[in-house]
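Below is one structure, written out as structure tokens; the observations come after it.
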Amino acid sequence: MRISILLILILISSCTYNEITFCEINSPSFNECVKPIFDDNCVSCHSVIGGNLLRLTTFEEISSFDSSVLLDRINTDMPPTGIMSAAEISIIEKWINDGAQNN
């Protein structure tokens, strides 16, 4: 019995885990998945403090931006600190494709 338990523990601990987040595999919500990406990557420039005329701090501001232009910008040259990760872009794309809801 002890050998069986030990073997199971060894097998479980040796398995690799692909760190896929909840937001990547489900229909991403704005508040839990999308807004944190914008907060981390956009609001330093696109906020009242950043002084940019295009603000991306609230659902209303983000959802009013043309989605095709937004996706083009984040896939090519935004933010200035570097292109977002593929996972972040995928989450935003899924959110837009799911209707860009305020959830």
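How things are named: the first chain in the structure tokens is A, the next is B, and so on; residues count from 1 in each chain; ligands count from 1 in the order shown.
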
Those of range 25-71 of chain A in DSSP alpha helix (DSSP H), formatted as a list in words: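 So the alpha helix (DSSP H) residues in range 25-71 of chain A would be Ile25, Lys35, Pro36, Ile37, Phe38, Asp39, Asp40, Asn41, Phe59, Glu60, Glu61, Ile62, Ser63, Ser64, Ser67, Ser68, Val69, Leu70 and Leu71 of chain A.
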
Save out the residues we just selected, C-alpha atoms, as a compact mmCIF listing (two decimals), in the first residue's frame.
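Contents of result34.txt, as written:
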# COMPACT_ATOMS: atom_id res chain seq x y z
CA ILE A 25 -9.77 28.80 -21.92
CA LYS A 35 -9.49 45.19 -17.73
CA PRO A 36 -6.36 43.89 -15.93
CA ILE A 37 -4.59 43.60 -19.30
CA PHE A 38 -5.46 47.20 -20.16
CA ASP A 39 -4.48 48.30 -16.65
CA ASP A 40 -1.08 46.62 -16.99
CA ASN A 41 -0.35 47.68 -20.55
CA PHE A 59 -15.38 49.70 -20.08
CA GLU A 60 -17.08 52.59 -21.86
CA GLU A 61 -13.78 54.02 -23.10
CA ILE A 62 -12.37 50.66 -24.21
CA SER A 63 -15.57 49.40 -25.86
CA SER A 64 -16.08 52.67 -27.76
CA SER A 67 -12.24 46.88 -32.26
CA SER A 68 -10.44 46.23 -35.55
CA VAL A 69 -8.17 49.23 -35.01
CA LEU A 70 -7.61 48.21 -31.40
CA LEU A 71 -6.63 44.67 -32.39

Selection: 8 Å around range 80-92 of chain A, only C-alpha atoms, excl. self and same-chain fewer than 4 positions, as a list in words: Cys23, Glu24, Pro28, Cys33, Val34, Ile37, Asn41, Leu71, Ile74, Asn75, Thr76 and Ile96 of chain A

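Take CA of Gly99 in chain A and CA of Thr57 in chain A: the distance between them is 18.8 Å.
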
Coordinates-based distance that separates CA of Phe30 in chain A from CA of Gln101 in chain A (Å, one decimal): 6.8 Å

Length of the CA of Ser44 in chain A to CA of Lys94 in chain A vector [Å]: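 That distance, rounded to one decimal, is 23.7 Å.
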
For Trp95 in chain A, the nearest of the candidates A:Thr21, A:Val48, A:Asn31, A:Cys42, counting only C-alpha atoms: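 When distances to Trp95 in chain A are compared using only C-alpha atoms, the smallest one comes from A:Asn31.
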